[in-house]
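Trainee: Just so it is clear, I am handing over input-v4.cif, which has mmCIF, C-alpha atoms.
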data_run
loop_
_atom_site.label_atom_id
_atom_site.label_comp_id
_atom_site.auth_asym_id
_atom_site.auth_seq_id
_atom_site.Cartn_x
_atom_site.Cartn_y
_atom_site.Cartn_z
CA MET A 704 -37.69 -11.48 4.48
CA ASN A 705 -40.61 -13.95 4.31
CA LYS A 706 -40.51 -17.70 4.81
CA GLN A 707 -40.60 -18.43 1.08
CA ASP A 708 -37.49 -16.37 0.39
CA THR A 709 -35.72 -18.02 3.32
CA ALA A 710 -36.63 -21.47 2.02
CA GLU A 711 -35.40 -20.59 -1.49
CA ARG A 712 -32.08 -19.28 -0.19
CA LEU A 713 -31.63 -22.36 1.99
CA GLY A 714 -32.40 -24.59 -0.99
CA ARG A 715 -29.85 -22.82 -3.18
CA ALA A 716 -27.25 -23.06 -0.40
CA LEU A 717 -27.82 -26.81 -0.03
CA GLN A 718 -27.61 -27.31 -3.79
CA ALA A 719 -24.28 -25.47 -3.82
CA VAL A 720 -22.71 -27.70 -1.15
CA PRO A 721 -21.61 -30.52 -3.51
CA ARG A 722 -20.19 -28.04 -6.00
CA ASN A 723 -18.31 -26.16 -3.28
CA LEU A 724 -16.89 -29.36 -1.86
CA ARG A 725 -15.73 -30.44 -5.30
CA GLU A 726 -14.07 -27.08 -5.95
CA ASP A 727 -12.49 -26.89 -2.49
CA LEU A 728 -11.32 -30.46 -1.90
CA TRP A 729 -10.93 -32.01 -5.35
CA THR A 730 -7.67 -30.28 -6.14
CA ALA A 731 -3.95 -30.94 -5.86
CA ALA A 732 -2.83 -27.36 -6.45
CA LEU A 733 -0.20 -25.62 -4.39
CA ALA A 734 -1.53 -23.68 -1.41
CA PRO A 735 0.89 -20.88 -0.46
CA VAL A 736 0.95 -19.33 2.98
CA PRO A 737 -1.01 -16.04 2.97
CA SER A 738 1.42 -13.17 2.62
CA SER A 739 1.50 -10.40 5.21
CA GLY A 740 2.75 -7.87 2.66
CA GLN A 741 6.32 -8.10 3.91
CA ARG A 742 9.14 -10.51 3.21
CA SER A 743 8.15 -13.74 4.93
CA PRO A 744 10.79 -15.89 6.65
CA TRP A 745 8.85 -18.96 5.49
CA ARG A 746 10.86 -19.39 2.29
CA ASP A 747 14.15 -18.84 4.11
CA TRP A 748 13.37 -21.42 6.78
CA LEU A 749 11.69 -23.96 4.49
CA PRO A 750 14.84 -26.03 3.69
CA THR A 751 15.75 -26.27 7.39
CA PHE A 752 12.16 -27.10 8.28
CA LEU A 753 12.03 -29.93 5.71
CA LEU A 754 15.38 -31.22 6.91
CA LEU A 755 13.93 -31.61 10.40
CA LEU A 756 10.61 -32.94 9.14
CA VAL A 757 12.11 -35.83 7.14
CA PRO A 758 13.61 -37.69 10.16
CA CYS A 759 10.36 -37.06 12.07
CA THR A 760 8.47 -38.62 9.16
CA ALA A 761 10.79 -41.66 9.21
CA THR A 762 10.22 -42.09 12.96
CA VAL A 763 6.45 -41.78 12.57
CA ALA A 764 6.56 -44.30 9.71
CA VAL A 765 8.37 -46.88 11.84
CA PHE A 766 5.83 -46.60 14.68
CA ASN A 767 2.97 -46.55 12.20
CA VAL A 768 4.09 -49.76 10.50
CA ASN A 769 4.61 -51.49 13.84
CA GLY A 770 1.17 -50.34 15.08
CA LEU A 771 -0.60 -51.57 11.97
CA ALA A 772 1.11 -54.95 12.20
CA ALA A 773 0.80 -55.47 15.97
CA ASP A 774 -2.55 -53.84 16.82
CA TYR A 775 -4.49 -53.98 13.57
CA GLY A 776 -3.55 -57.43 12.34
CA TYR A 777 -1.93 -56.50 9.02
CA ASN A 778 0.93 -58.48 7.52
CA GLN A 779 4.29 -56.79 7.30
CA ARG A 780 4.10 -55.97 3.60
CA THR A 781 0.65 -54.35 3.79
CA ALA A 782 1.51 -52.57 7.04
CA LEU A 783 4.70 -51.21 5.46
CA LEU A 784 2.83 -49.94 2.40
CA LEU A 785 0.01 -48.26 4.32
CA GLY A 786 2.29 -46.89 7.02
CA LEU A 787 4.72 -45.31 4.57
CA ILE A 788 1.98 -43.78 2.42
CA GLN A 789 0.26 -42.22 5.41
CA SER A 790 3.48 -40.98 7.01
CA VAL A 791 4.80 -39.34 3.84
CA ALA A 792 1.79 -37.03 4.04
CA LEU A 793 3.66 -35.20 6.81
CA VAL A 794 6.09 -33.82 4.21
CA THR A 795 3.77 -33.43 1.22
CA ALA A 796 1.24 -31.50 3.32
CA VAL A 797 3.71 -28.61 3.46
CA PHE A 798 3.16 -28.05 -0.27
CA ARG A 799 -0.19 -29.72 -1.09
CA PRO A 800 -2.30 -30.00 2.05
CA VAL A 801 -5.52 -30.99 0.26
CA ALA A 802 -3.94 -33.92 -1.58
CA SER A 803 -2.13 -34.99 1.58
CA TRP A 804 -5.36 -34.85 3.55
CA TRP A 805 -7.02 -37.12 1.00
CA VAL A 806 -4.13 -39.58 1.26
CA ALA A 807 -4.24 -39.65 5.06
CA THR A 808 -8.03 -39.98 5.14
CA ILE A 809 -8.19 -42.72 2.49
CA VAL A 810 -5.47 -44.71 4.26
CA MET A 811 -7.44 -44.33 7.50
CA VAL A 812 -10.58 -45.72 5.82
CA VAL A 813 -8.62 -48.64 4.32
CA VAL A 814 -7.08 -49.42 7.69
CA GLU A 815 -10.50 -49.18 9.29
CA ALA A 816 -12.06 -51.54 6.73
CA GLY A 817 -9.40 -54.25 6.88
CA ALA A 818 -8.39 -54.19 10.55
CA GLU A 819 -8.34 -57.47 12.44
CA PHE A 820 -7.47 -57.09 16.08
CA PRO A 821 -8.76 -58.07 19.52
CA LEU A 822 -11.03 -55.31 20.81
CA GLY A 823 -9.34 -53.21 23.44
CA ARG A 824 -5.89 -53.13 21.93
CA ALA A 825 -6.42 -50.04 19.70
CA MET A 826 -8.02 -47.37 21.81
CA TRP A 827 -7.60 -44.71 19.06
CA PHE A 828 -9.32 -46.86 16.41
CA PRO A 829 -9.66 -46.21 13.47
CA TRP A 830 -6.45 -44.17 13.79
CA THR A 831 -3.14 -45.38 15.01
CA ILE A 832 -1.25 -43.00 17.29
CA PRO A 833 1.08 -42.03 14.39
CA GLY A 834 -2.06 -41.72 12.24
CA ILE A 835 -3.48 -39.24 14.76
CA ILE A 836 -0.26 -37.20 14.45
CA VAL A 837 -0.43 -37.21 10.65
CA GLN A 838 -4.13 -36.32 10.53
CA THR A 839 -3.70 -33.49 13.06
CA TRP A 840 -0.75 -32.04 11.16
CA VAL A 841 -2.50 -32.23 7.80
CA LEU A 842 -5.65 -30.55 9.14
CA PHE A 843 -3.56 -27.82 10.74
CA LEU A 844 -1.77 -27.02 7.47
CA LEU A 845 -5.08 -27.19 5.61
CA ALA A 846 -6.57 -24.57 7.92
CA LEU A 847 -3.39 -22.48 7.76
CA ARG A 848 -3.23 -22.38 3.96
CA LEU A 849 -6.85 -22.45 2.79
CA ARG A 850 -10.17 -20.85 3.65
CA LEU A 851 -11.98 -21.81 6.83
CA ARG A 852 -14.77 -23.43 4.79
CA VAL A 853 -12.30 -25.90 3.29
CA ALA A 854 -10.78 -26.76 6.66
CA VAL A 855 -14.18 -27.28 8.32
CA ALA A 856 -15.33 -29.50 5.44
CA ALA A 857 -12.16 -31.60 5.73
CA LEU A 858 -12.60 -31.87 9.51
CA VAL A 859 -16.22 -33.00 9.21
CA ILE A 860 -15.40 -35.57 6.51
CA SER A 861 -12.51 -36.91 8.59
CA LEU A 862 -14.67 -37.36 11.69
CA VAL A 863 -17.62 -38.82 9.80
CA ALA A 864 -15.42 -41.25 7.87
CA GLY A 865 -13.63 -42.27 11.06
CA ARG A 866 -16.80 -42.81 13.02
CA ALA A 867 -18.83 -44.46 10.23
CA GLY A 868 -16.78 -47.65 10.09
CA THR A 869 -16.02 -47.92 13.77
CA GLY A 870 -19.15 -49.79 14.72
CA PRO A 871 -20.12 -50.26 18.34
CA THR A 872 -17.60 -48.65 20.63
CA PHE A 873 -16.00 -50.63 23.39
CA GLU A 874 -14.82 -49.65 26.80
CA GLY A 875 -11.91 -47.25 26.59
CA GLN A 876 -12.43 -46.41 22.91
CA VAL A 877 -14.77 -43.50 23.62
CA ASP A 878 -12.00 -41.63 25.41
CA GLY A 879 -9.70 -42.15 22.44
CA LEU A 880 -12.30 -40.86 20.00
CA VAL A 881 -12.93 -37.80 22.17
CA ARG A 882 -9.22 -37.08 22.31
CA ALA A 883 -8.94 -37.47 18.54
CA VAL A 884 -11.88 -35.14 17.89
CA THR A 885 -10.39 -32.62 20.31
CA LEU A 886 -6.98 -32.71 18.63
CA PHE A 887 -8.42 -32.39 15.13
CA THR A 888 -10.71 -29.52 16.10
CA LEU A 889 -7.93 -27.72 17.95
CA ALA A 890 -5.62 -28.06 14.94
CA VAL A 891 -8.24 -26.52 12.64
CA VAL A 892 -9.01 -23.69 15.08
CA VAL A 893 -5.34 -22.77 15.59
CA GLY A 894 -4.59 -22.95 11.87
CA ALA A 895 -7.62 -20.84 11.01
CA LEU A 896 -6.71 -18.20 13.61
CA LEU A 897 -3.14 -17.95 12.32
CA ARG A 898 -4.39 -17.68 8.76
CA SER A 899 -6.96 -15.00 9.62
CA ARG A 900 -4.24 -13.02 11.40
CA ARG A 901 -1.95 -13.11 8.37
CA VAL A 902 -4.83 -12.25 6.01
CA ALA A 903 -5.77 -9.29 8.22
CA ARG A 904 -2.18 -8.06 8.23
CA THR A 905 -2.01 -8.43 4.45
CA GLN A 906 -5.20 -6.43 4.00
CA LEU A 907 -3.89 -3.79 6.39
CA VAL A 908 -0.65 -3.44 4.44
CA VAL A 909 -2.55 -3.21 1.15
CA GLN A 910 -4.89 -0.60 2.61
CA GLU A 911 -1.97 1.41 3.94
CA GLU A 912 -0.32 1.35 0.51
CA LEU A 913 -3.55 2.46 -1.15
CA THR A 914 -4.00 5.19 1.44
CA ALA A 915 -0.43 6.43 0.95
CA GLU A 916 -0.87 6.39 -2.82
CA GLU A 917 -4.17 8.26 -2.60
CA ARG A 918 -2.69 10.76 -0.15
CA GLY A 919 0.22 11.39 -2.53
CA ARG A 920 -2.15 11.84 -5.46
CA ARG A 921 -4.35 14.22 -3.49
CA THR A 922 -1.30 16.14 -2.31
CA LEU A 923 -0.09 16.44 -5.89
CA LEU A 924 -3.43 17.77 -7.08
CA GLU A 925 -3.72 20.21 -4.18
CA GLU A 926 -0.25 21.59 -4.81
CA ARG A 927 -0.88 21.90 -8.53
CA ASN A 928 -4.12 23.72 -7.80
CA ARG A 929 -2.26 26.11 -5.53
CA ILE A 930 0.35 26.76 -8.21
CA ALA A 931 -2.37 27.25 -10.82
CA ARG A 932 -4.18 29.76 -8.61
CA GLU A 933 -1.00 31.78 -8.12
CA LEU A 934 -0.09 31.71 -11.79
CA HIS A 935 -3.64 32.68 -12.61
CA ASP A 936 -3.18 35.82 -10.54
CA VAL A 937 0.13 36.62 -12.22
CA VAL A 938 -1.13 36.08 -15.77
CA ALA A 939 -4.42 37.85 -15.09
CA HIS A 940 -2.51 40.88 -13.83
CA HIS A 941 -0.42 41.14 -16.99
CA MET A 942 -3.38 40.56 -19.27
CA SER A 943 -5.22 43.35 -17.48
CA VAL A 944 -2.20 45.66 -17.97
CA ILE A 945 -2.12 44.83 -21.69
CA SER A 946 -5.81 45.60 -22.01
CA ILE A 947 -5.48 48.97 -20.22
CA GLN A 948 -2.38 49.99 -22.18
CA ALA A 949 -4.08 49.13 -25.46
CA GLN A 950 -7.05 51.23 -24.44
CA VAL A 951 -4.93 54.23 -23.36
CA ALA A 952 -2.41 54.14 -26.23
CA PRO A 953 -4.59 56.00 -28.81
CA HIS A 954 -4.90 58.95 -26.44
CA LEU A 955 -1.11 59.28 -26.21
CA VAL A 956 -0.69 59.91 -29.94
CA ASP A 957 -1.72 63.03 -31.83
CA ASN A 958 -4.15 62.28 -34.59
CA PRO A 959 -3.82 58.49 -34.48
CA SER A 960 -4.69 56.77 -37.73
CA GLU A 961 -7.75 54.58 -38.04
CA GLU A 962 -5.47 51.61 -38.72
CA LEU A 963 -3.63 52.19 -35.44
CA LYS A 964 -6.89 52.57 -33.55
CA GLU A 965 -8.20 49.39 -35.13
CA ASN A 966 -5.07 47.41 -34.24
CA LEU A 967 -5.02 48.66 -30.66
CA ALA A 968 -8.73 47.90 -30.31
CA GLY A 969 -8.04 44.39 -31.56
CA ILE A 970 -5.21 43.96 -29.06
CA ARG A 971 -7.48 45.12 -26.24
CA GLN A 972 -10.33 42.87 -27.40
CA ASN A 973 -8.06 39.82 -27.57
CA ALA A 974 -6.63 40.60 -24.15
CA VAL A 975 -10.10 40.93 -22.64
CA GLU A 976 -11.25 37.68 -24.24
CA ALA A 977 -8.12 35.85 -23.09
CA LEU A 978 -8.58 37.23 -19.58
CA THR A 979 -12.22 36.12 -19.57
CA GLU A 980 -11.31 32.61 -20.71
CA LEU A 981 -8.47 32.44 -18.20
CA ARG A 982 -10.78 33.39 -15.35
CA ARG A 983 -13.42 30.95 -16.55
CA VAL A 984 -11.01 28.01 -16.72
CA LEU A 985 -8.71 28.64 -13.78
CA GLY A 986 -11.01 30.69 -11.59
CA VAL A 987 -12.90 27.49 -10.70
CA LEU A 988 -9.85 26.47 -8.70
CA ARG A 989 -10.91 29.01 -6.11
CA SER A 990 -14.09 27.06 -5.39
CA GLU A 991 -12.31 25.24 -2.58
CA ASP A 992 -10.33 26.98 0.13
CA THR A 993 -11.32 30.40 -1.19
CA PRO A 994 -8.98 33.09 0.21
CA SER A 995 -10.20 36.30 1.65
CA GLU A 996 -11.06 39.21 -0.61
CA ARG A 997 -7.94 41.08 0.51
CA ALA A 998 -5.72 38.08 -0.16
CA ARG A 999 -7.25 37.57 -3.59
CA HIS A 1000 -6.38 41.07 -4.75
CA ALA A 1001 -2.96 41.25 -3.07
CA PRO A 1002 0.03 40.96 -5.44
CA GLN A 1003 1.85 37.64 -5.49
CA PRO A 1004 5.17 37.67 -3.59
CA THR A 1005 8.52 38.01 -5.37
CA LEU A 1006 12.16 37.82 -4.35
CA GLY A 1007 11.91 41.51 -3.50
CA ARG A 1008 9.99 40.46 -0.39
CA LEU A 1009 12.58 37.89 0.64
CA ASP A 1010 13.98 40.07 3.45
CA GLU A 1011 10.48 40.43 4.88
CA LEU A 1012 10.09 36.66 4.85
CA LEU A 1013 13.45 36.14 6.57
CA ASP A 1014 12.58 38.69 9.26
CA ASN A 1015 9.34 36.86 9.99
CA VAL A 1016 11.21 33.55 10.28
CA ARG A 1017 13.80 35.06 12.58
CA GLY A 1018 11.00 36.40 14.73
CA ALA A 1019 9.77 32.81 15.08
CA GLY A 1020 13.14 31.84 16.62
CA LEU A 1021 15.01 30.43 13.62
CA THR A 1022 18.59 31.54 12.99
CA VAL A 1023 18.84 32.51 9.31
CA THR A 1024 21.57 34.09 7.23
CA SER A 1025 21.22 35.05 3.58
CA GLU A 1026 23.53 35.87 0.70
CA SER A 1027 23.08 36.87 -2.91
CA THR A 1028 25.48 36.25 -5.76
CA GLY A 1029 25.45 37.60 -9.27
CA ALA A 1030 23.93 40.81 -10.54
CA PRO A 1031 20.23 41.00 -9.66
CA HIS A 1032 18.07 41.45 -12.75
CA PRO A 1033 14.36 41.26 -13.51
CA LEU A 1034 12.90 37.78 -13.74
CA PRO A 1035 9.59 36.59 -15.17
CA PRO A 1036 6.81 36.74 -12.57
CA GLY A 1037 6.42 32.95 -12.53
CA VAL A 1038 10.10 32.47 -11.76
CA GLU A 1039 10.01 35.14 -9.04
CA LEU A 1040 6.94 33.54 -7.46
CA SER A 1041 8.33 29.99 -7.61
CA ALA A 1042 11.69 31.04 -6.15
CA PHE A 1043 9.98 32.83 -3.27
CA ARG A 1044 7.67 29.86 -2.56
CA ILE A 1045 10.57 27.38 -2.61
CA VAL A 1046 12.48 29.44 -0.06
CA GLN A 1047 9.33 29.83 2.03
CA GLU A 1048 8.60 26.09 2.04
CA ALA A 1049 12.23 25.15 2.75
CA LEU A 1050 12.28 27.50 5.76
CA SER A 1051 9.00 26.03 7.01
CA ASN A 1052 10.46 22.52 6.78
CA ALA A 1053 13.55 23.66 8.68
CA MET A 1054 11.41 25.08 11.49
CA ARG A 1055 9.39 21.85 11.72
CA HIS A 1056 12.10 19.23 11.31
CA ALA A 1057 15.31 20.97 12.47
CA PRO A 1058 14.58 22.95 15.66
CA GLY A 1059 17.55 25.03 16.78
CA ALA A 1060 19.40 24.60 13.48
CA HIS A 1061 21.19 27.36 11.57
CA VAL A 1062 19.76 28.02 8.11
CA ARG A 1063 21.59 29.55 5.15
CA VAL A 1064 19.63 30.98 2.22
CA GLY A 1065 21.45 31.69 -1.04
CA ILE A 1066 20.08 33.36 -4.17
CA GLY A 1067 22.30 33.13 -7.23
CA TYR A 1068 21.38 35.28 -10.24
CA ARG A 1069 22.47 33.93 -13.61
CA PRO A 1070 21.90 35.27 -17.12
CA SER A 1071 19.58 32.37 -17.84
CA GLY A 1072 17.71 32.31 -14.55
CA VAL A 1073 18.21 32.01 -10.83
CA THR A 1074 19.52 29.39 -8.40
CA VAL A 1075 17.95 28.99 -4.97
CA ARG A 1076 19.76 27.17 -2.19
CA VAL A 1077 18.45 26.64 1.35
CA ALA A 1078 20.56 24.54 3.73
CA ASN A 1079 20.23 23.90 7.46
CA THR A 1080 22.53 22.26 9.97
CA ALA A 1081 21.56 19.27 12.09
CA PRO A 1082 18.77 19.94 14.62
CA ALA A 1083 20.01 21.15 18.00
CA ARG A 1084 16.93 19.89 19.87
CA PRO A 1085 14.84 16.71 19.68
CA VAL A 1086 12.68 16.65 16.60
CA PRO A 1087 8.95 16.37 17.35
CA PRO A 1088 7.16 13.45 15.67
CA SER A 1089 5.92 14.21 12.18
CA PRO A 1090 2.13 14.23 11.79
CA GLY A 1091 2.50 12.58 8.39
CA PRO A 1092 3.70 13.23 4.84
CA GLY A 1093 3.33 16.88 3.85
CA HIS A 1094 3.33 18.88 0.66
CA GLY A 1095 6.76 20.52 0.95
CA LEU A 1096 9.09 18.60 -1.34
CA LEU A 1097 6.28 17.68 -3.68
CA GLY A 1098 5.28 21.31 -4.15
CA MET A 1099 8.87 22.45 -4.69
CA ARG A 1100 9.46 19.75 -7.29
CA GLU A 1101 6.24 20.68 -9.06
CA ARG A 1102 7.22 24.35 -9.21
CA ALA A 1103 10.68 23.58 -10.59
CA ALA A 1104 9.30 21.10 -13.15
CA MET A 1105 6.65 23.59 -14.25
CA LEU A 1106 9.39 26.04 -15.26
CA GLY A 1107 11.55 23.37 -16.88
CA GLY A 1108 14.03 23.58 -14.02
CA GLU A 1109 15.56 21.13 -11.59
CA LEU A 1110 15.33 20.59 -7.84
CA ALA A 1111 17.55 18.45 -5.63
CA ALA A 1112 16.99 17.76 -1.93
CA GLY A 1113 18.86 15.56 0.50
CA THR A 1114 20.94 15.28 3.65
CA THR A 1115 24.27 17.01 4.08
CA SER A 1116 27.52 15.66 5.51
CA ASP A 1117 26.88 17.32 8.89
CA GLY A 1118 23.46 15.72 9.30
CA GLY A 1119 21.46 18.66 8.02
CA TRP A 1120 19.29 19.12 4.97
CA GLU A 1121 19.75 21.05 1.74
CA VAL A 1122 17.40 22.09 -1.05
CA THR A 1123 18.77 23.43 -4.34
CA ALA A 1124 16.58 24.63 -7.20
CA ILE A 1125 17.71 25.83 -10.63
CA LEU A 1126 14.97 27.88 -12.28
CA PRO A 1127 15.49 28.97 -15.91
CA ALA A 1128 14.12 32.30 -17.09
CA ASP A 1129 14.26 31.76 -20.86
CA PHE A 1130 11.10 29.74 -21.48
CA SER A 1131 11.57 29.68 -25.21
CA LYS A 1132 14.53 27.36 -24.74
CA GLN A 1133 13.12 25.39 -21.83
CA PRO A 1134 10.26 23.02 -22.71
CA VAL A 1135 7.72 22.90 -19.92
CA GLU A 1136 6.36 19.42 -19.34
CA PRO A 1137 4.52 18.22 -16.23
CA VAL A 1138 6.60 15.75 -14.28
CA GLU A 1139 5.11 13.18 -11.92
CA ASP A 1140 6.72 13.06 -8.50
CA THR A 1141 8.25 9.62 -7.88
CA ARG A 1142 9.07 10.00 -4.23
#
Let's see the structure in the file written out as structure tokens.

Mentor:
Amino acid sequence: MNKQDTAERLGRALQAVPRNLREDLWTAALAPVPSSGQRSPWRDWLPTFLLLLVPCTATVAVFNVNGLAADYGYNQRTALLLGLIQSVALVTAVFRPVASWWVATIVMVVVEAGAEFPLGRAMWFPWTIPGIIVQTWVLFLLALRLRLRVAVAALVISLVAGRAGTGPTFEGQVDGLVRAVTLFTLAVVVGALLRSRRVARTQLVVQEELTAEERGRRTLLEERNRIARELHDVVAHHMSVISIQAQVAPHLVDNPSEELKENLAGIRQNAVEALTELRRVLGVLRSEDTPSERARHAPQPTLGRLDELLDNVRGAGLTVTSESTGAPHPLPPGVELSAFRIVQEALSNAMRHAPGAHVRVGIGYRPSGVTVRVANTAPARPVPPSPGPGHGLLGMRERAAMLGGELAAGTTSDGGWEVTAILPADFSKQPVEPVEDTR
């Protein structure tokens, strides 16, 4: 950056100073305390705080009026008016710190301009001791409620206005001015630090909420991609079977007619085209986290492999019992796959979050579908800390919603956890609509 650019930027900054001061300090709007993202006790304690502040304001007003009359040479009426106006700023600063700062500063200038007193009697001139208290309090609230730029501007104006009309200092007054400057500066610094701390906490809470929301959205998309990949395999398998059967069918009939051949060829052609489109649309989901070639061509699991799953879980040290009710009957591949995955995920959650617990797995066959129930007792050993929100419940809810079913999960009376899913098998009577997870 060359000198010309620096000079132009400095010029624009200086030109903006009056406008910034007008925007920052020429206002009487409310200035709320920065929120930390949680319920603040400020509102709860405000009535009690004001109740204590009012008698303090009355005490400060009495000393202020006496100081203006005795040390600054004002008559009782003028001293009463100025003292009350300046002292009331202690209360109004809680709600409107900028307006209260203007009141305190203007009263200070008026007192400074009209004071008549023997030099040496007012060591804090142009402020009375109560005036110092008011000005310090107002500057503190200003720094606590507004940006640092506003507080620094108010501090500078207060010091310049106080020093401009003081004139030649006398012996002992310098110490008073130094103490006043120190108090005002300390009030602004403490208020600004408290404000910056609350603002940082607020930003942290907002960022955590955004991160949690983004994590949930990403988890939802990842689980839906996983479901789509599995369903792609199931549908692709059946479309391939249709294509092969349509191709073989003419050879199973003696002297098939041309019409039959034409219809079967059309069925095969439509199946091949549908399979191609399916692979083109859903096959892209394999671009991330591509499974091995063996895993890609392996059949998707069904409830027929449930015993194998339970044996693997028992081998990992989990106590599992299973039961089946109703007459087992064939289910659509999507229902079989979703039921198996729900049991698998529920068992994984039990191993992670309920070490030493006893798990019961129930499969209930119904004419219209299947009911899956996985329940575990309370953990028998201390539960290790969770690394963060996972995909378990979200994935199970997505699978149930995809089939038009229902899933319920929650704690049991003995301190354990239970997952129950009702998966319908008649899709013609069950509308399938994607459902957003609200957990």

Trainee: Tell me, in Å to one decimal, how far CA of Ala883 in chain A is from CA of Phe843 in chain A.

Mentor: 13.5 Å

Trainee: If the PyMOL selection byres ((chain A and resi 841) around 9) were run on this exact file, what residues would it hold? Put them as a PyMOL selection string.

Mentor: chain A and resi 792-793+796-797+800-801+803-804+807+836-840+842-846+890

Trainee: Find the distance between CA of Glu1026 in chain A and CA of Ala1078 in chain A and write it in Å to one decimal.

Mentor: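 Between CA of Glu1026 in chain A and CA of Ala1078 in chain A the gap works out to 12.1 Å.
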
Trainee: For Ala864 in chain A, work out the shell of residues within 10 Å, counting all atoms listed in the file and skipping chain neighbours fewer than 6 positions away, then give it as a list in words.

Mentor: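 Returned residues: Thr808, Ile809, Met811, Val812, Glu815, Pro829 and Leu858 of chain A.
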
Trainee: How many Å lie between CA of Ala952 in chain A and CA of Ala968 in chain A, rounded to one decimal?

Mentor: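 These two atoms are separated by 9.8 Å.
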
Trainee: Any chance you could resolve the PyMOL selection byres ((chain A and resi 975) around 10) against this file and give the residues as a count of residues only?

Mentor: 18

Trainee: Please determine, counting only C-alpha atoms, which residue among A:His1061, A:Arg852, A:Arg927, A:Arg920 has the shortest atom-to-atom distance to Gly1020 in chain A.

Mentor: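 Closest to Gly1020 in chain A, using only C-alpha atoms: A:His1061.
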
Trainee: So, with all atoms listed in the file as the atoms that count, which of A:Glu1048, A:Leu1006, A:Ala782, A:His1056 lies closest to His1032 in chain A?

Mentor: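 The answer is A:Leu1006, which sits nearest to His1032 in chain A.
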
Trainee: Looking at only C-alpha atoms, which of A:Val813, A:Leu1009, A:Leu923, A:Ile1125 is the one that sits closest to Gln1047 in chain A?

Mentor: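 Of A:Val813, A:Leu1009, A:Leu923, A:Ile1125, the one nearest Gln1047 in chain A is A:Leu1009, counting only C-alpha atoms.
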
Trainee: Taking the file as I've supplied it (selection: the PyMOL selection byres ((chain A and resi 1052) around 12)), which residues are included? Please answer as a PyMOL selection string.

Mentor: chain A and resi 1016+1021+1045-1051+1053-1058+1060+1062+1077-1079+1082+1086+1089+1092-1096+1099+1112+1119-1122
